[in-house]
Amino acid sequence: MNLHQFRFVQEAARRNLNLTETAKALYTSQPGVSKAILELEEELGVDIFSRHGKRLRSITEPGQQVLKSIEIIMREVGNLKRIGEEYSKQDAGTLSIATTHTQARYVLPGPVTQLRKQFPQVNIGLHQGSPDQVARMLIDETADVGLATESLSQFEELVTLPAYEWQHVLVMRAEHPLAQVERIHLEQIASEPLVSYHPSFTGRTRIDRAFAQRQLTPNIVLEAIDSDVIKTYVRLGLGIGIVAEMAVREDPPGGELVSRPLGHLLGQNIARIAFKRGAYLRNYVYSFAELLSDRLNRSLLQRAMSGDPNDYGL
């Protein structure tokens, strides 16, 4: 029984039981993967996978339990490596952050810049994707920390904490009639062509819910995942737009676009920071979280990672 066998079993499960893809991912041969899995099954005395000829067909019931144990073992192996790296390289390493386009563009530049000043030997890796992709990168240990508004709290494998609240804003050209209205109504938005986020990004579910509750159907003419893209098409006259408030903070007053807050219509959104459950957090990960939000500190994160069930007092 060895770590190579565990990696082969774990990767086979991740690759939908495709041994060819498993071998490619682990830079080895398919016969080698098959042999290692068979040897582990023989040593354990159970079939981890059911087979059709030489092909893996499904994960057996005892195989499910074996996989859970392997996940724990491999996670702790990763933690051992990180502990060794931290104490051999006190303030050096790579911080991998998985996040959405809006967070990467408008929220993270400040905290990332400050972290680099505090830890000049720490390199930053930014991985951008949908909230579900952010969660998957954390679970697969591609990233150390995740930041997104949607979905993260739905994954049992993750520990998530609220980092900050934000609201949507309506953006429109300065000459648009709604630019003269201080307090916008949902019916006014529904009567205009609308440019908004893709359904899986940046609080879009809250937007859809607000219209549905009022039995209104918005006239969405374009969907995008990037706030700058939405603003670009609004400038071109395609319609009015809904973006996160972070996306207009740098806009100069008296510019081409005007914005109005929509918190009274759409409510507040909560951006959450997330970590893989059971992961070992290095010093600079704690520092990054503290730079991201004044709600977060090392003590709070340590309690969260140890399983405090009460949303950590936030």
# chains A, B, ... in the order shown; residues from 1 in each chain; ligands from 1
call {"tool": "residues_around", "arguments": {"residues": "Gln10 of chain A", "least_positions_apart": "4", "cutoff": "9 Å", "atoms": "only C-alpha atoms", "output": "ChimeraX atom specification"}}
result
/A:5-6,14-15,67,70-71
call {"tool": "write_last_selection", "arguments": {"atoms": "C-alpha atoms", "output": "PDB file, in the first residue's frame"}}
result
ATOM      1  CA  GLN A   5      -1.654   3.689  -5.569  1.00  0.00           C
ATOM      2  CA  PHE A   6      -3.731   6.244  -3.692  1.00  0.00           C
ATOM      3  CA  ARG A  14     -11.694  12.436 -10.881  1.00  0.00           C
ATOM      4  CA  ARG A  15     -11.277  11.461 -14.548  1.00  0.00           C
ATOM      5  CA  LEU A  67     -11.972   6.971  -1.701  1.00  0.00           C
ATOM      6  CA  ILE A  70      -7.727   8.312   0.402  1.00  0.00           C
ATOM      7  CA  GLU A  71      -8.975  11.907   0.212  1.00  0.00           C
TER       8      GLU A  71
END
call {"tool": "closest_atom_pairs", "arguments": {"of": "segment 205-314 of chain A", "to": "segment 147-162 of chain A", "cutoff": "9 Å", "atoms": "only C-alpha atoms", "output": "tab-separated table"}}
result
residue	atom	partner	partner_atom	distance
A:Thr205	CA	A:Glu150	CA	8.3
A:Asn269	CA	A:Thr149	CA	7.0
A:Ile270	CA	A:Thr149	CA	5.8
A:Ala271	CA	A:Thr149	CA	4.2
A:Arg272	CA	A:Pro162	CA	4.4
A:Ile273	CA	A:Leu147	CA	4.6
A:Ala274	CA	A:Thr160	CA	4.3
A:Phe275	CA	A:Val159	CA	5.3
A:Lys276	CA	A:Leu158	CA	4.6
A:Arg277	CA	A:Leu158	CA	4.9
A:Gly278	CA	A:Val159	CA	8.6
A:Arg295	CA	A:Pro162	CA	8.1
A:Leu296	CA	A:Leu161	CA	8.5
A:Leu301	CA	A:Leu161	CA	8.5
A:Ala304	CA	A:Val159	CA	6.9
A:Met305	CA	A:Val159	CA	6.6
A:Gly307	CA	A:Val159	CA	8.3
A:Asp311	CA	A:Leu161	CA	7.0
A:Tyr312	CA	A:Leu161	CA	7.7
A:Leu314	CA	A:Pro162	CA	7.1
call {"tool": "residues_around", "arguments": {"residues": "His168 of chain A", "least_positions_apart": "2", "cutoff": "6 Å", "atoms": "only C-alpha atoms", "output": "ChimeraX atom specification"}}
result
/A:243-245,262
call {"tool": "select_by_dssp", "arguments": {"residues": "segment 6-150 of chain A", "states": "helix (DSSP H, G or I)", "output": "VMD selection string"}}
result
chain A and resid 6 to 14 19 to 25 30 to 44 61 to 88 101 to 107 109 to 118 131 to 139
call {"tool": "atom_distance", "arguments": {"atom1": "atom CA of Arg57 of chain A", "atom2": "atom CA of Leu17 of chain A"}}
result
7.0 Å
call {"tool": "residues_around", "arguments": {"residues": "Gln103 of chain A", "least_positions_apart": "2", "cutoff": "10 Å", "atoms": "only C-alpha atoms", "output": "mmCIF file with all heavy atoms, in the first residue's frame"}}
result
data_model
loop_
_atom_site.group_PDB
_atom_site.id
_atom_site.type_symbol
_atom_site.label_atom_id
_atom_site.label_comp_id
_atom_site.auth_asym_id
_atom_site.auth_seq_id
_atom_site.Cartn_x
_atom_site.Cartn_y
_atom_site.Cartn_z
ATOM 1 N N ALA A 98 -8.276 31.634 -6.294
ATOM 2 C CA ALA A 98 -9.317 31.379 -7.289
ATOM 3 C C ALA A 98 -10.453 32.362 -7.050
ATOM 4 O O ALA A 98 -10.944 32.486 -5.920
ATOM 5 C CB ALA A 98 -9.824 29.940 -7.187
ATOM 6 N N THR A 99 -10.871 33.049 -8.100
ATOM 7 C CA THR A 99 -11.898 34.059 -7.912
ATOM 8 C C THR A 99 -12.596 34.356 -9.230
ATOM 9 O O THR A 99 -12.231 33.828 -10.277
ATOM 10 C CB THR A 99 -11.283 35.350 -7.331
ATOM 11 O OG1 THR A 99 -12.314 36.250 -6.956
ATOM 12 C CG2 THR A 99 -10.353 36.028 -8.332
ATOM 13 N N THR A 100 -13.619 35.192 -9.165
ATOM 14 C CA THR A 100 -14.349 35.593 -10.363
ATOM 15 C C THR A 100 -13.695 36.826 -10.981
ATOM 16 O O THR A 100 -12.850 37.483 -10.360
ATOM 17 C CB THR A 100 -15.808 35.908 -10.020
ATOM 18 O OG1 THR A 100 -15.838 36.972 -9.052
ATOM 19 C CG2 THR A 100 -16.513 34.687 -9.450
ATOM 20 N N HIS A 101 -14.100 37.166 -12.198
ATOM 21 C CA HIS A 101 -13.515 38.305 -12.901
ATOM 22 C C HIS A 101 -13.723 39.608 -12.124
ATOM 23 O O HIS A 101 -12.803 40.429 -12.025
ATOM 24 C CB HIS A 101 -14.138 38.429 -14.294
ATOM 25 C CG HIS A 101 -13.851 37.251 -15.180
ATOM 26 N ND1 HIS A 101 -12.768 37.194 -16.008
ATOM 27 C CD2 HIS A 101 -14.497 36.075 -15.351
ATOM 28 C CE1 HIS A 101 -12.747 36.044 -16.655
ATOM 29 N NE2 HIS A 101 -13.806 35.352 -16.277
ATOM 30 N N ARG A 105 -10.671 41.920 -10.726
ATOM 31 C CA ARG A 105 -10.469 43.239 -11.339
ATOM 32 C C ARG A 105 -10.629 44.373 -10.345
ATOM 33 O O ARG A 105 -9.862 45.356 -10.367
ATOM 34 C CB ARG A 105 -11.449 43.396 -12.511
ATOM 35 C CG ARG A 105 -11.603 44.816 -13.055
ATOM 36 C CD ARG A 105 -10.345 45.313 -13.738
ATOM 37 N NE ARG A 105 -10.541 46.630 -14.301
ATOM 38 C CZ ARG A 105 -10.436 47.780 -13.617
ATOM 39 N NH1 ARG A 105 -10.102 47.747 -12.329
ATOM 40 N NH2 ARG A 105 -10.635 48.940 -14.211
ATOM 41 N N TYR A 106 -11.632 44.302 -9.469
ATOM 42 C CA TYR A 106 -11.980 45.458 -8.661
ATOM 43 C C TYR A 106 -11.678 45.336 -7.167
ATOM 44 O O TYR A 106 -11.547 46.347 -6.483
ATOM 45 C CB TYR A 106 -13.478 45.778 -8.826
ATOM 46 C CG TYR A 106 -13.847 46.147 -10.230
ATOM 47 C CD1 TYR A 106 -14.532 45.254 -11.038
ATOM 48 C CD2 TYR A 106 -13.500 47.378 -10.759
ATOM 49 C CE1 TYR A 106 -14.873 45.593 -12.339
ATOM 50 C CE2 TYR A 106 -13.832 47.724 -12.056
ATOM 51 C CZ TYR A 106 -14.517 46.820 -12.844
ATOM 52 O OH TYR A 106 -14.841 47.150 -14.125
ATOM 53 N N VAL A 107 -11.588 44.122 -6.631
ATOM 54 C CA VAL A 107 -11.431 43.942 -5.186
ATOM 55 C C VAL A 107 -10.013 43.558 -4.802
ATOM 56 O O VAL A 107 -9.455 44.061 -3.824
ATOM 57 C CB VAL A 107 -12.429 42.878 -4.664
ATOM 58 C CG1 VAL A 107 -12.226 42.637 -3.174
ATOM 59 C CG2 VAL A 107 -13.862 43.318 -4.938
ATOM 60 N N LEU A 108 -9.403 42.671 -5.556
ATOM 61 C CA LEU A 108 -8.131 42.083 -5.146
ATOM 62 C C LEU A 108 -6.882 42.929 -5.382
ATOM 63 O O LEU A 108 -5.866 42.692 -4.710
ATOM 64 C CB LEU A 108 -7.947 40.725 -5.822
ATOM 65 C CG LEU A 108 -8.904 39.616 -5.357
ATOM 66 C CD1 LEU A 108 -8.556 38.301 -6.027
ATOM 67 C CD2 LEU A 108 -8.867 39.471 -3.847
ATOM 68 N N PRO A 109 -6.857 43.878 -6.314
ATOM 69 C CA PRO A 109 -5.607 44.620 -6.528
ATOM 70 C C PRO A 109 -5.014 45.222 -5.261
ATOM 71 O O PRO A 109 -3.802 45.126 -5.033
ATOM 72 C CB PRO A 109 -6.012 45.705 -7.535
ATOM 73 C CG PRO A 109 -7.099 45.058 -8.332
ATOM 74 C CD PRO A 109 -7.873 44.244 -7.330
ATOM 75 N N GLN A 128 -9.040 32.713 -12.566
ATOM 76 C CA GLN A 128 -10.370 33.286 -12.703
ATOM 77 C C GLN A 128 -11.339 32.281 -13.321
ATOM 78 O O GLN A 128 -10.973 31.512 -14.208
ATOM 79 C CB GLN A 128 -10.301 34.538 -13.579
ATOM 80 C CG GLN A 128 -9.455 35.642 -12.973
ATOM 81 C CD GLN A 128 -9.373 36.861 -13.857
ATOM 82 O OE1 GLN A 128 -10.396 37.389 -14.288
ATOM 83 N NE2 GLN A 128 -8.170 37.313 -14.142
ATOM 84 N N LEU A 147 -12.568 33.250 -3.602
ATOM 85 C CA LEU A 147 -13.398 34.416 -3.302
ATOM 86 C C LEU A 147 -14.467 34.540 -4.377
ATOM 87 O O LEU A 147 -14.154 34.633 -5.561
ATOM 88 C CB LEU A 147 -12.539 35.686 -3.252
ATOM 89 C CG LEU A 147 -13.279 36.985 -2.911
ATOM 90 C CD1 LEU A 147 -13.802 36.943 -1.474
ATOM 91 C CD2 LEU A 147 -12.352 38.182 -3.102
ATOM 92 N N ALA A 148 -15.734 34.533 -3.961
ATOM 93 C CA ALA A 148 -16.842 34.661 -4.906
ATOM 94 C C ALA A 148 -18.110 35.003 -4.140
ATOM 95 O O ALA A 148 -18.172 34.858 -2.912
ATOM 96 C CB ALA A 148 -17.032 33.381 -5.715
ATOM 97 N N THR A 149 -19.124 35.430 -4.883
ATOM 98 C CA THR A 149 -20.414 35.749 -4.263
ATOM 99 C C THR A 149 -21.361 34.562 -4.311
ATOM 100 O O THR A 149 -22.055 34.269 -3.352
ATOM 101 C CB THR A 149 -21.047 36.965 -4.966
ATOM 102 O OG1 THR A 149 -20.194 38.091 -4.783
ATOM 103 C CG2 THR A 149 -22.424 37.280 -4.379
ATOM 104 N N THR A 202 -21.752 36.890 -10.205
ATOM 105 C CA THR A 202 -21.878 38.190 -9.560
ATOM 106 C C THR A 202 -23.302 38.531 -9.121
ATOM 107 O O THR A 202 -23.853 39.566 -9.480
ATOM 108 C CB THR A 202 -21.317 39.300 -10.487
ATOM 109 O OG1 THR A 202 -20.127 38.822 -11.132
ATOM 110 C CG2 THR A 202 -20.954 40.546 -9.699
ATOM 111 N N ALA A 244 -21.854 45.198 -10.409
ATOM 112 C CA ALA A 244 -21.504 45.296 -8.998
ATOM 113 C C ALA A 244 -20.993 46.704 -8.699
ATOM 114 O O ALA A 244 -20.349 47.340 -9.538
ATOM 115 C CB ALA A 244 -20.430 44.263 -8.654
ATOM 116 N N MET A 246 -18.597 47.700 -7.032
ATOM 117 C CA MET A 246 -17.147 47.842 -7.124
ATOM 118 C C MET A 246 -16.717 48.306 -8.503
ATOM 119 O O MET A 246 -15.678 48.935 -8.668
ATOM 120 C CB MET A 246 -16.463 46.507 -6.819
ATOM 121 C CG MET A 246 -16.766 45.945 -5.444
ATOM 122 S SD MET A 246 -18.300 44.988 -5.395
ATOM 123 C CE MET A 246 -17.747 43.413 -6.049
ATOM 124 N N ALA A 247 -17.531 47.983 -9.525
ATOM 125 C CA ALA A 247 -17.150 48.267 -10.910
ATOM 126 C C ALA A 247 -17.288 49.733 -11.289
ATOM 127 O O ALA A 247 -16.843 50.129 -12.367
ATOM 128 C CB ALA A 247 -17.994 47.409 -11.854
ATOM 129 N N ALA A 271 -20.019 38.574 -0.396
ATOM 130 C CA ALA A 271 -18.848 37.904 -0.971
ATOM 131 C C ALA A 271 -18.226 37.042 0.125
ATOM 132 O O ALA A 271 -18.044 37.493 1.257
ATOM 133 C CB ALA A 271 -17.846 38.930 -1.480
#
call {"tool": "residues_around", "arguments": {"residues": "His185 of chain A", "least_positions_apart": "6", "cutoff": "10 Å", "atoms": "only C-alpha atoms", "output": "short mmCIF file (atom, residue, chain, number, x, y, z; two decimals) with C-alpha atoms, in the first residue's frame"}}
result
data_model
loop_
_atom_site.label_atom_id
_atom_site.label_comp_id
_atom_site.auth_asym_id
_atom_site.auth_seq_id
_atom_site.Cartn_x
_atom_site.Cartn_y
_atom_site.Cartn_z
CA LEU A 178 -33.33 57.36 -15.96
CA LEU A 262 -30.09 49.20 -6.39
CA HIS A 264 -33.32 48.91 -2.07
CA LEU A 265 -34.55 46.71 -4.95
#
call {"tool": "select_by_dssp", "arguments": {"residues": "segment 59-238 of chain A", "states": "strand (DSSP E)", "output": "ChimeraX atom specification"}}
result
/A:59,93-99,122-128,145-148,158-166,168-173,193-197,219-224
